[in-house]
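Enquirer: Dropping in query_22.pdb, with PDB, C-alpha atoms and all ligand atoms.
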ATOM      1  CA  MET A   1     163.690 141.232  36.603  1.00  0.00           C
ATOM      2  CA  ARG A   2     163.449 139.147  39.778  1.00  0.00           C
ATOM      3  CA  ASN A   3     166.585 138.824  41.804  1.00  0.00           C
ATOM      4  CA  LYS A   4     166.603 135.035  41.595  1.00  0.00           C
ATOM      5  CA  ASP A   5     167.171 135.352  37.836  1.00  0.00           C
ATOM      6  CA  PHE A   6     170.524 137.089  38.253  1.00  0.00           C
ATOM      7  CA  GLY A   7     171.521 136.580  41.907  1.00  0.00           C
ATOM      8  CA  VAL A   8     174.980 135.349  42.943  1.00  0.00           C
ATOM      9  CA  ARG A   9     175.036 131.526  43.078  1.00  0.00           C
ATOM     10  CA  ASP A  10     176.999 129.329  45.489  1.00  0.00           C
ATOM     11  CA  GLY A  11     180.629 129.223  44.339  1.00  0.00           C
ATOM     12  CA  GLU A  12     180.480 132.516  42.448  1.00  0.00           C
ATOM     13  CA  VAL A  13     182.903 135.357  43.207  1.00  0.00           C
ATOM     14  CA  ALA A  14     182.029 139.062  42.977  1.00  0.00           C
ATOM     15  CA  ILE A  15     184.412 142.012  43.137  1.00  0.00           C
ATOM     16  CA  GLU A  16     184.109 145.729  43.914  1.00  0.00           C
ATOM     17  CA  LEU A  17     183.463 147.665  40.705  1.00  0.00           C
ATOM     18  CA  PRO A  18     185.526 150.785  39.851  1.00  0.00           C
ATOM     19  CA  GLU A  19     183.864 154.000  41.032  1.00  0.00           C
ATOM     20  CA  GLN A  20     183.373 155.423  37.529  1.00  0.00           C
ATOM     21  CA  PRO A  21     183.011 153.915  34.049  1.00  0.00           C
ATOM     22  CA  ASP A  22     185.731 154.929  31.552  1.00  0.00           C
ATOM     23  CA  ALA A  23     183.457 155.526  28.555  1.00  0.00           C
ATOM     24  CA  GLY A  24     179.857 156.003  27.562  1.00  0.00           C
ATOM     25  CA  LEU A  25     177.949 154.378  24.712  1.00  0.00           C
ATOM     26  CA  TYR A  26     174.837 154.979  22.639  1.00  0.00           C
ATOM     27  CA  PHE A  27     171.987 152.519  22.509  1.00  0.00           C
ATOM     28  CA  ILE A  28     171.142 152.573  18.783  1.00  0.00           C
ATOM     29  CA  GLY A  29     167.925 150.612  19.008  1.00  0.00           C
ATOM     30  CA  ARG A  30     165.996 147.851  20.745  1.00  0.00           C
ATOM     31  CA  ILE A  31     165.669 144.176  19.976  1.00  0.00           C
ATOM     32  CA  ARG A  32     162.199 142.672  19.949  1.00  0.00           C
ATOM     33  CA  THR A  33     162.108 138.975  20.767  1.00  0.00           C
ATOM     34  CA  PRO A  34     159.457 136.517  21.970  1.00  0.00           C
ATOM     35  CA  TRP A  35     161.224 136.073  25.352  1.00  0.00           C
ATOM     36  CA  LYS A  36     160.081 138.071  28.385  1.00  0.00           C
ATOM     37  CA  GLU A  37     161.825 136.001  31.051  1.00  0.00           C
ATOM     38  CA  ARG A  38     165.334 134.675  31.311  1.00  0.00           C
ATOM     39  CA  LYS A  39     164.183 131.090  31.757  1.00  0.00           C
ATOM     40  CA  ASP A  40     162.512 131.214  28.336  1.00  0.00           C
ATOM     41  CA  CYS A  41     165.531 132.660  26.470  1.00  0.00           C
ATOM     42  CA  PRO A  42     167.646 130.392  24.272  1.00  0.00           C
ATOM     43  CA  LYS A  43     171.175 129.922  25.680  1.00  0.00           C
ATOM     44  CA  ASN A  44     172.669 130.969  22.353  1.00  0.00           C
ATOM     45  CA  GLY A  45     171.535 132.203  19.001  1.00  0.00           C
ATOM     46  CA  ARG A  46     171.623 128.767  17.358  1.00  0.00           C
ATOM     47  CA  GLU A  47     169.107 127.300  19.790  1.00  0.00           C
ATOM     48  CA  SER A  48     166.116 129.022  18.242  1.00  0.00           C
ATOM     49  CA  ASP A  49     164.846 129.884  14.800  1.00  0.00           C
ATOM     50  CA  ALA A  50     162.401 132.497  16.101  1.00  0.00           C
ATOM     51  CA  VAL A  51     162.174 135.581  13.918  1.00  0.00           C
ATOM     52  CA  CYS A  52     163.193 138.654  15.939  1.00  0.00           C
ATOM     53  CA  THR A  53     163.005 142.327  15.036  1.00  0.00           C
ATOM     54  CA  VAL A  54     165.707 144.907  15.415  1.00  0.00           C
ATOM     55  CA  GLU A  55     164.200 148.367  15.780  1.00  0.00           C
ATOM     56  CA  LEU A  56     166.994 150.788  14.927  1.00  0.00           C
ATOM     57  CA  ASP A  57     166.603 154.351  16.190  1.00  0.00           C
ATOM     58  CA  PRO A  58     165.660 156.188  12.934  1.00  0.00           C
ATOM     59  CA  ARG A  59     168.498 158.682  13.432  1.00  0.00           C
ATOM     60  CA  TRP A  60     170.925 155.869  12.467  1.00  0.00           C
ATOM     61  CA  ARG A  61     168.896 154.677   9.455  1.00  0.00           C
ATOM     62  CA  ASP A  62     171.322 156.049   6.841  1.00  0.00           C
ATOM     63  CA  GLY A  63     173.932 153.751   8.281  1.00  0.00           C
ATOM     64  CA  LEU A  64     171.967 150.787   6.933  1.00  0.00           C
ATOM     65  CA  LYS A  65     172.913 151.527   3.314  1.00  0.00           C
ATOM     66  CA  ASP A  66     174.174 148.262   1.716  1.00  0.00           C
ATOM     67  CA  VAL A  67     173.268 146.196   4.770  1.00  0.00           C
ATOM     68  CA  GLU A  68     170.542 144.547   2.664  1.00  0.00           C
ATOM     69  CA  THR A  69     173.331 142.906   0.629  1.00  0.00           C
ATOM     70  CA  CYS A  70     174.512 140.957   3.685  1.00  0.00           C
ATOM     71  CA  SER A  71     173.149 137.496   4.353  1.00  0.00           C
ATOM     72  CA  HIS A  72     174.467 137.498   7.922  1.00  0.00           C
ATOM     73  CA  LEU A  73     175.232 140.212  10.441  1.00  0.00           C
ATOM     74  CA  VAL A  74     176.935 140.374  13.803  1.00  0.00           C
ATOM     75  CA  LEU A  75     174.688 142.079  16.325  1.00  0.00           C
ATOM     76  CA  PHE A  76     176.103 143.495  19.536  1.00  0.00           C
ATOM     77  CA  TYR A  77     173.717 144.118  22.374  1.00  0.00           C
ATOM     78  CA  TRP A  78     173.767 145.249  25.965  1.00  0.00           C
ATOM     79  CA  MET A  79     172.660 142.700  28.538  1.00  0.00           C
ATOM     80  CA  ASP A  80     171.019 145.324  30.678  1.00  0.00           C
ATOM     81  CA  LYS A  81     169.743 142.950  33.381  1.00  0.00           C
ATOM     82  CA  ALA A  82     173.051 141.229  34.091  1.00  0.00           C
ATOM     83  CA  PRO A  83     175.358 141.826  37.099  1.00  0.00           C
ATOM     84  CA  ARG A  84     178.741 143.381  36.220  1.00  0.00           C
ATOM     85  CA  ASN A  85     180.860 142.392  39.209  1.00  0.00           C
ATOM     86  CA  LEU A  86     181.337 138.624  38.833  1.00  0.00           C
ATOM     87  CA  VAL A  87     184.795 137.213  38.098  1.00  0.00           C
ATOM     88  CA  ARG A  88     183.984 133.547  38.792  1.00  0.00           C
ATOM     89  CA  GLN A  89     180.667 132.072  37.775  1.00  0.00           C
ATOM     90  CA  VAL A  90     178.819 128.805  38.047  1.00  0.00           C
ATOM     91  CA  PRO A  91     176.555 128.604  35.014  1.00  0.00           C
ATOM     92  CA  GLY A  92     173.408 126.684  35.926  1.00  0.00           C
ATOM     93  CA  HIS A  93     173.580 124.392  32.907  1.00  0.00           C
ATOM     94  CA  TYR A  94     177.264 123.384  33.450  1.00  0.00           C
ATOM     95  CA  GLY A  95     177.493 123.421  37.267  1.00  0.00           C
ATOM     96  CA  ALA A  96     181.286 124.058  37.444  1.00  0.00           C
ATOM     97  CA  GLN A  97     182.997 127.313  38.437  1.00  0.00           C
ATOM     98  CA  ARG A  98     184.629 129.183  35.519  1.00  0.00           C
ATOM     99  CA  GLY A  99     186.288 132.542  34.998  1.00  0.00           C
ATOM    100  CA  THR A 100     184.003 135.176  33.539  1.00  0.00           C
ATOM    101  CA  PHE A 101     186.274 135.643  30.518  1.00  0.00           C
ATOM    102  CA  ALA A 102     186.080 131.932  29.690  1.00  0.00           C
ATOM    103  CA  LEU A 103     182.301 132.153  29.464  1.00  0.00           C
ATOM    104  CA  ARG A 104     179.664 133.626  27.160  1.00  0.00           C
ATOM    105  CA  SER A 105     177.561 134.533  30.194  1.00  0.00           C
ATOM    106  CA  PRO A 106     175.756 137.900  30.068  1.00  0.00           C
ATOM    107  CA  ALA A 107     177.334 138.738  33.459  1.00  0.00           C
ATOM    108  CA  ARG A 108     180.586 140.592  32.758  1.00  0.00           C
ATOM    109  CA  PRO A 109     182.150 144.007  33.474  1.00  0.00           C
ATOM    110  CA  ASN A 110     180.699 145.404  30.258  1.00  0.00           C
ATOM    111  CA  PRO A 111     177.666 143.218  29.515  1.00  0.00           C
ATOM    112  CA  ILE A 112     178.171 143.127  25.748  1.00  0.00           C
ATOM    113  CA  ALA A 113     176.670 140.157  23.933  1.00  0.00           C
ATOM    114  CA  MET A 114     177.011 139.184  20.301  1.00  0.00           C
ATOM    115  CA  SER A 115     175.281 136.851  17.878  1.00  0.00           C
ATOM    116  CA  VAL A 116     175.702 136.086  14.223  1.00  0.00           C
ATOM    117  CA  VAL A 117     172.208 136.425  12.769  1.00  0.00           C
ATOM    118  CA  ARG A 118     170.640 135.680   9.419  1.00  0.00           C
ATOM    119  CA  LEU A 119     169.092 138.747   7.837  1.00  0.00           C
ATOM    120  CA  LEU A 120     165.624 137.998   6.475  1.00  0.00           C
ATOM    121  CA  ASN A 121     164.348 141.457   5.685  1.00  0.00           C
ATOM    122  CA  LEU A 122     165.229 145.117   6.020  1.00  0.00           C
ATOM    123  CA  GLU A 123     162.491 147.702   5.809  1.00  0.00           C
ATOM    124  CA  GLY A 124     163.179 151.295   6.848  1.00  0.00           C
ATOM    125  CA  ALA A 125     164.880 151.070  10.205  1.00  0.00           C
ATOM    126  CA  ARG A 126     163.565 147.563  11.021  1.00  0.00           C
ATOM    127  CA  LEU A 127     165.501 144.383  10.435  1.00  0.00           C
ATOM    128  CA  SER A 128     164.008 140.902  10.696  1.00  0.00           C
ATOM    129  CA  VAL A 129     166.591 138.362  11.764  1.00  0.00           C
ATOM    130  CA  ILE A 130     166.995 134.803  13.020  1.00  0.00           C
ATOM    131  CA  GLY A 131     169.635 133.799  15.572  1.00  0.00           C
ATOM    132  CA  LEU A 132     169.115 135.789  18.778  1.00  0.00           C
ATOM    133  CA  ASP A 133     169.029 134.813  22.443  1.00  0.00           C
ATOM    134  CA  CYS A 134     168.095 137.983  24.347  1.00  0.00           C
ATOM    135  CA  LEU A 135     165.130 139.269  26.299  1.00  0.00           C
ATOM    136  CA  ASP A 136     162.538 141.408  24.580  1.00  0.00           C
ATOM    137  CA  GLY A 137     163.601 145.068  24.702  1.00  0.00           C
ATOM    138  CA  THR A 138     167.340 144.419  25.025  1.00  0.00           C
ATOM    139  CA  PRO A 139     169.304 147.503  23.873  1.00  0.00           C
ATOM    140  CA  LEU A 140     171.231 147.252  20.599  1.00  0.00           C
ATOM    141  CA  ILE A 141     174.723 148.747  20.515  1.00  0.00           C
ATOM    142  CA  ASP A 142     176.116 147.863  17.072  1.00  0.00           C
ATOM    143  CA  ILE A 143     175.605 146.049  13.771  1.00  0.00           C
ATOM    144  CA  LYS A 144     178.463 144.713  11.626  1.00  0.00           C
ATOM    145  CA  PRO A 145     178.589 142.518   8.531  1.00  0.00           C
ATOM    146  CA  TYR A 146     179.627 138.933   9.170  1.00  0.00           C
ATOM    147  CA  PHE A 147     182.563 137.992   6.943  1.00  0.00           C
ATOM    148  CA  ALA A 148     182.780 134.205   6.733  1.00  0.00           C
ATOM    149  CA  SER A 149     186.224 134.648   5.132  1.00  0.00           C
ATOM    150  CA  THR A 150     187.744 136.307   8.216  1.00  0.00           C
ATOM    151  CA  ASP A 151     185.333 135.718  11.121  1.00  0.00           C
ATOM    152  CA  SER A 152     185.041 131.943  10.813  1.00  0.00           C
ATOM    153  CA  VAL A 153     187.742 129.832  12.517  1.00  0.00           C
ATOM    154  CA  PRO A 154     186.509 126.245  12.081  1.00  0.00           C
ATOM    155  CA  GLU A 155     189.407 124.666  14.025  1.00  0.00           C
ATOM    156  CA  ALA A 156     188.864 126.808  17.166  1.00  0.00           C
ATOM    157  CA  VAL A 157     188.275 124.973  20.456  1.00  0.00           C
ATOM    158  CA  VAL A 158     187.076 125.819  23.964  1.00  0.00           C
ATOM    159  CA  GLY A 159     188.919 123.174  25.972  1.00  0.00           C
ATOM    160  CA  TRP A 160     186.775 123.178  29.102  1.00  0.00           C
ATOM    161  CA  HIS A 161     183.603 122.720  27.095  1.00  0.00           C
ATOM    162  CA  LYS A 162     184.693 119.238  26.052  1.00  0.00           C
ATOM    163  CA  ARG A 163     185.629 118.200  29.605  1.00  0.00           C
ATOM    164  CA  LYS A 164     183.034 116.652  31.878  1.00  0.00           C
ATOM    165  CA  ASP A 165     184.355 118.144  35.193  1.00  0.00           C
TER     166      ASP A 165
HETATM  167  C1  LIG B   1     174.630 132.991  27.443  1.00  0.00           C
HETATM  168  S1  LIG B   1     174.163 134.597  26.858  1.00  0.00           S
HETATM  169  C2  LIG B   1     174.882 134.585  25.241  1.00  0.00           C
HETATM  170  C3  LIG B   1     174.783 135.937  24.604  1.00  0.00           C
HETATM  171  C4  LIG B   1     175.481 136.065  23.259  1.00  0.00           C
HETATM  172  N1  LIG B   1     175.011 135.127  22.268  1.00  0.00           N
HETATM  173  C5  LIG B   1     176.980 135.971  23.416  1.00  0.00           C
HETATM  174  O1  LIG B   1     177.516 134.878  23.213  1.00  0.00           O
HETATM  175  O2  LIG B   1     177.613 136.976  23.714  1.00  0.00           O
HETATM  176  C6  LIG B   1     172.435 134.423  26.518  1.00  0.00           C
HETATM  177  C7  LIG B   1     171.651 134.455  27.814  1.00  0.00           C
HETATM  178  O3  LIG B   1     171.685 135.771  28.386  1.00  0.00           O
HETATM  179  C8  LIG B   1     170.531 136.002  29.167  1.00  0.00           C
HETATM  180  N2  LIG B   1     169.939 137.288  28.746  1.00  0.00           N
HETATM  181  C9  LIG B   1     169.200 137.529  27.651  1.00  0.00           C
HETATM  182  N3  LIG B   1     168.862 138.807  27.573  1.00  0.00           N
HETATM  183  C10 LIG B   1     169.397 139.431  28.652  1.00  0.00           C
HETATM  184  C11 LIG B   1     169.411 140.773  29.122  1.00  0.00           C
HETATM  185  N4  LIG B   1     168.787 141.762  28.481  1.00  0.00           N
HETATM  186  N5  LIG B   1     170.081 141.033  30.269  1.00  0.00           N
HETATM  187  C12 LIG B   1     170.717 140.037  30.927  1.00  0.00           C
HETATM  188  N6  LIG B   1     170.749 138.755  30.525  1.00  0.00           N
HETATM  189  C13 LIG B   1     170.098 138.450  29.401  1.00  0.00           C
HETATM  190  C14 LIG B   1     169.597 134.810  28.931  1.00  0.00           C
HETATM  191  O4  LIG B   1     169.743 133.936  30.037  1.00  0.00           O
HETATM  192  C15 LIG B   1     170.180 134.155  27.675  1.00  0.00           C
HETATM  193  O5  LIG B   1     169.925 132.776  27.657  1.00  0.00           O
END
Kindly return the structure encoded in the file as structure tokens.
Expert:
Amino acid sequence: MRNKDFGVRDGEVAIELPEQPDAGLYFIGRIRTPWKERKDCPKNGRESDAVCTVELDPRWRDGLKDVETCSHLVLFYWMDKAPRNLVRQVPGHYGAQRGTFALRSPARPNPIAMSVVRLLNLEGARLSVIGLDCLDGTPLIDIKPYFASTDSVPEAVVGWHKRKD
């Protein structure tokens, strides 16, 4: 990944990271997508209807029992190319400075991303899905069923997103 793809922009603020992480995690698979460079990636999972493949490490395959009954899943993935030390960011497509925790940017202390995807097919340890926005080869960290009954909050707002400042 070239530095210009994830370098600190004017107006962004970085901090010193703690010396040690507090926990470890397991990458449980890799996500195969058509996008090799950040500039080609959709900004969010709704921007593309490309079919992507989740390659689950076969050791976790038994955990997929009943997943085929789900129409939609929440995928959690690790934005392995993103910086982890930014607290204020200036997203290129908005141009205003925002706090990291008010953004869906991949740059965050723990670069966890999520998307609600539509499950098209499950064969062995491979899932075909629509609704992703990550680079090819991005590590997968979890899969959960999407419950429209509890996960959907239709009246939710992100105030700054409506403002034009
Ligand atoms: C704005 S984030 C949204 C991620 C996720 N849908 C979320 O809301 O948590 C999506 C962007 O992250 C960047 N990205 C994709 N894969 C990445 C990776 N492996 N490491 C770092 N950044 C990545 C691309 O610029 C992509 O457009």
Enquirer: Could you make a table, as CSV, of the residues of chain A that have an atom within 7 Å of an atom of ligand LIG 1 (chain B), each with its nearest atom pair and distance in Å to one decimal, counting all atoms listed in the file, in chain and number order?
Expert:
residue,atom,partner,partner_atom,distance
A:Arg38,CA,B:LIG1,O4,4.6
A:Lys39,CA,B:LIG1,O4,6.5
A:Cys41,CA,B:LIG1,O5,4.6
A:Pro42,CA,B:LIG1,O5,4.7
A:Lys43,CA,B:LIG1,O5,3.7
A:Asn44,CA,B:LIG1,N1,4.8
A:Gly45,CA,B:LIG1,N1,5.6
A:Trp78,CA,B:LIG1,N4,6.6
A:Met79,CA,B:LIG1,N5,3.5
A:Asp80,CA,B:LIG1,N5,4.4
A:Lys81,CA,B:LIG1,N5,3.7
A:Ala82,CA,B:LIG1,C12,4.1
A:Arg104,CA,B:LIG1,O1,4.7
A:Ser105,CA,B:LIG1,C1,4.3
A:Pro106,CA,B:LIG1,S1,4.9
A:Ile112,CA,B:LIG1,O2,6.5
A:Ala113,CA,B:LIG1,O2,3.3
A:Met114,CA,B:LIG1,O2,4.1
A:Ser115,CA,B:LIG1,N1,4.7
A:Leu132,CA,B:LIG1,N1,6.9
A:Asp133,CA,B:LIG1,C6,5.3
A:Cys134,CA,B:LIG1,N3,3.4
A:Leu135,CA,B:LIG1,N3,4.0
A:Thr138,CA,B:LIG1,N4,4.6
Enquirer: For the file shown, what are the residues hit by the PyMOL selection byres (((chain A and resi 140) around 7) and not hetatm), laid out as an mmCIF file with C-alpha atoms, in the coordinates of the input?
Expert:
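Result went into expr-v6.cif, see below:
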data_model
loop_
_atom_site.group_PDB
_atom_site.id
_atom_site.type_symbol
_atom_site.label_atom_id
_atom_site.label_comp_id
_atom_site.auth_asym_id
_atom_site.auth_seq_id
_atom_site.Cartn_x
_atom_site.Cartn_y
_atom_site.Cartn_z
ATOM 1 C CA PHE A 27 171.987 152.519 22.509
ATOM 2 C CA ILE A 28 171.142 152.573 18.783
ATOM 3 C CA GLY A 29 167.925 150.612 19.008
ATOM 4 C CA ARG A 30 165.996 147.851 20.745
ATOM 5 C CA ILE A 31 165.669 144.176 19.976
ATOM 6 C CA PHE A 76 176.103 143.495 19.536
ATOM 7 C CA TYR A 77 173.717 144.118 22.374
ATOM 8 C CA TRP A 78 173.767 145.249 25.965
ATOM 9 C CA THR A 138 167.340 144.419 25.025
ATOM 10 C CA PRO A 139 169.304 147.503 23.873
ATOM 11 C CA ILE A 141 174.723 148.747 20.515
ATOM 12 C CA ASP A 142 176.116 147.863 17.072
#
Enquirer: Which value, in Å to one decimal, gives the distance between atom CA of A:Asp40 and atom CA of A:Asp136?
Expert: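 Rounded to one decimal, the two atoms are 10.9 Å apart.
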Enquirer: Evaluate the PyMOL selection byres (((chain A and resi 143-155) around 8) and not hetatm) here and jot the selected residues down as a list of chain:residue names.
Expert: A:Val67, A:Cys70, A:His72, A:Leu73, A:Val74, A:Leu75, A:Phe76, A:Val116, A:Ile141, A:Asp142, A:Ala156, A:Val157
Enquirer: Just the number, please: distance in Å from atom CA of A:Gly92 to atom CA of A:Val8, one decimal.
Expert: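 Atom CA of A:Gly92 sits 11.3 Å away from atom CA of A:Val8.
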Enquirer: Rounded to one decimal in Å, what is the spacing between atom CA of A:Arg88 and atom CA of A:Val13?
Expert: 4.9 Å
Enquirer: Tell me which residues the PyMOL selection byres (((chain A and resi 17) around 10) and not hetatm) grabs here, as a list in words.
Expert: Ala14, Ile15, Glu16, Pro18, Glu19, Gln20, Pro21, Arg84, Asn85, Leu86 and Pro109 of chain A
Enquirer: Could you check the closest approach to A:Glu68 for each of A:Gly24, A:Gly124, A:Pro111, A:Gly99 and tell me which residue wins, using only C-alpha atoms?
Expert: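 Closest residue, counting only C-alpha atoms: A:Gly124.
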Enquirer: Using all atoms listed in the file, which residues sit within 10 Å of A:Arg59 once same-chain residues fewer than 2 positions away are excluded, as a PyMOL selection string?
Expert: chain A and resi 28-29+56-57+61-63+125
Enquirer: Please write the residues from the selection above to a file, keeping C-alpha atoms, as a PDB file, in the coordinates of the input.
Expert:
ATOM      1  CA  ILE A  28     171.142 152.573  18.783  1.00  0.00           C
ATOM      2  CA  GLY A  29     167.925 150.612  19.008  1.00  0.00           C
ATOM      3  CA  LEU A  56     166.994 150.788  14.927  1.00  0.00           C
ATOM      4  CA  ASP A  57     166.603 154.351  16.190  1.00  0.00           C
ATOM      5  CA  ARG A  61     168.896 154.677   9.455  1.00  0.00           C
ATOM      6  CA  ASP A  62     171.322 156.049   6.841  1.00  0.00           C
ATOM      7  CA  GLY A  63     173.932 153.751   8.281  1.00  0.00           C
ATOM      8  CA  ALA A 125     164.880 151.070  10.205  1.00  0.00           C
TER       9      ALA A 125
END
Enquirer: Using only C-alpha atoms, find the one residue out of A:Ala23, A:Leu64, A:Val158, A:Leu120 that sits nearest to A:Leu103.
Expert: A:Val158
Enquirer: Using all atoms listed in the file for the distances, tell me which of A:Pro83, A:Gly137, A:Pro58, A:Gly7 is nearest to A:Arg108.
Expert: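 Among the listed residues, A:Pro83 lies closest to A:Arg108.
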Enquirer: Out of A:Ala50, A:Pro34, A:Val129, A:Leu122, which residue has the shortest atom-to-atom distance to A:Asp66 when counting all atoms listed in the file?
Expert: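 Checking each of A:Ala50, A:Pro34, A:Val129, A:Leu122 against A:Asp66, counting all atoms listed in the file, the winner is A:Leu122.
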Enquirer: Around all of stretch 85-97 of chain A's listed atoms, make the axis-aligned box with 5 Å on each side and tell me centre and edge lengths in Å to one decimal, as JSON.
Expert:
{"center_x": 179.1, "center_y": 132.9, "center_z": 36.1, "size_x": 21.4, "size_y": 29.0, "size_z": 16.3}
Enquirer: So which one's closest to A:Glu47, A:Gln97, A:Arg9, A:Tyr26, A:Gly131? Using only C-alpha atoms, please.
Expert: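 Ranking A:Gln97, A:Arg9, A:Tyr26, A:Gly131 by distance to A:Glu47, first place goes to A:Gly131.
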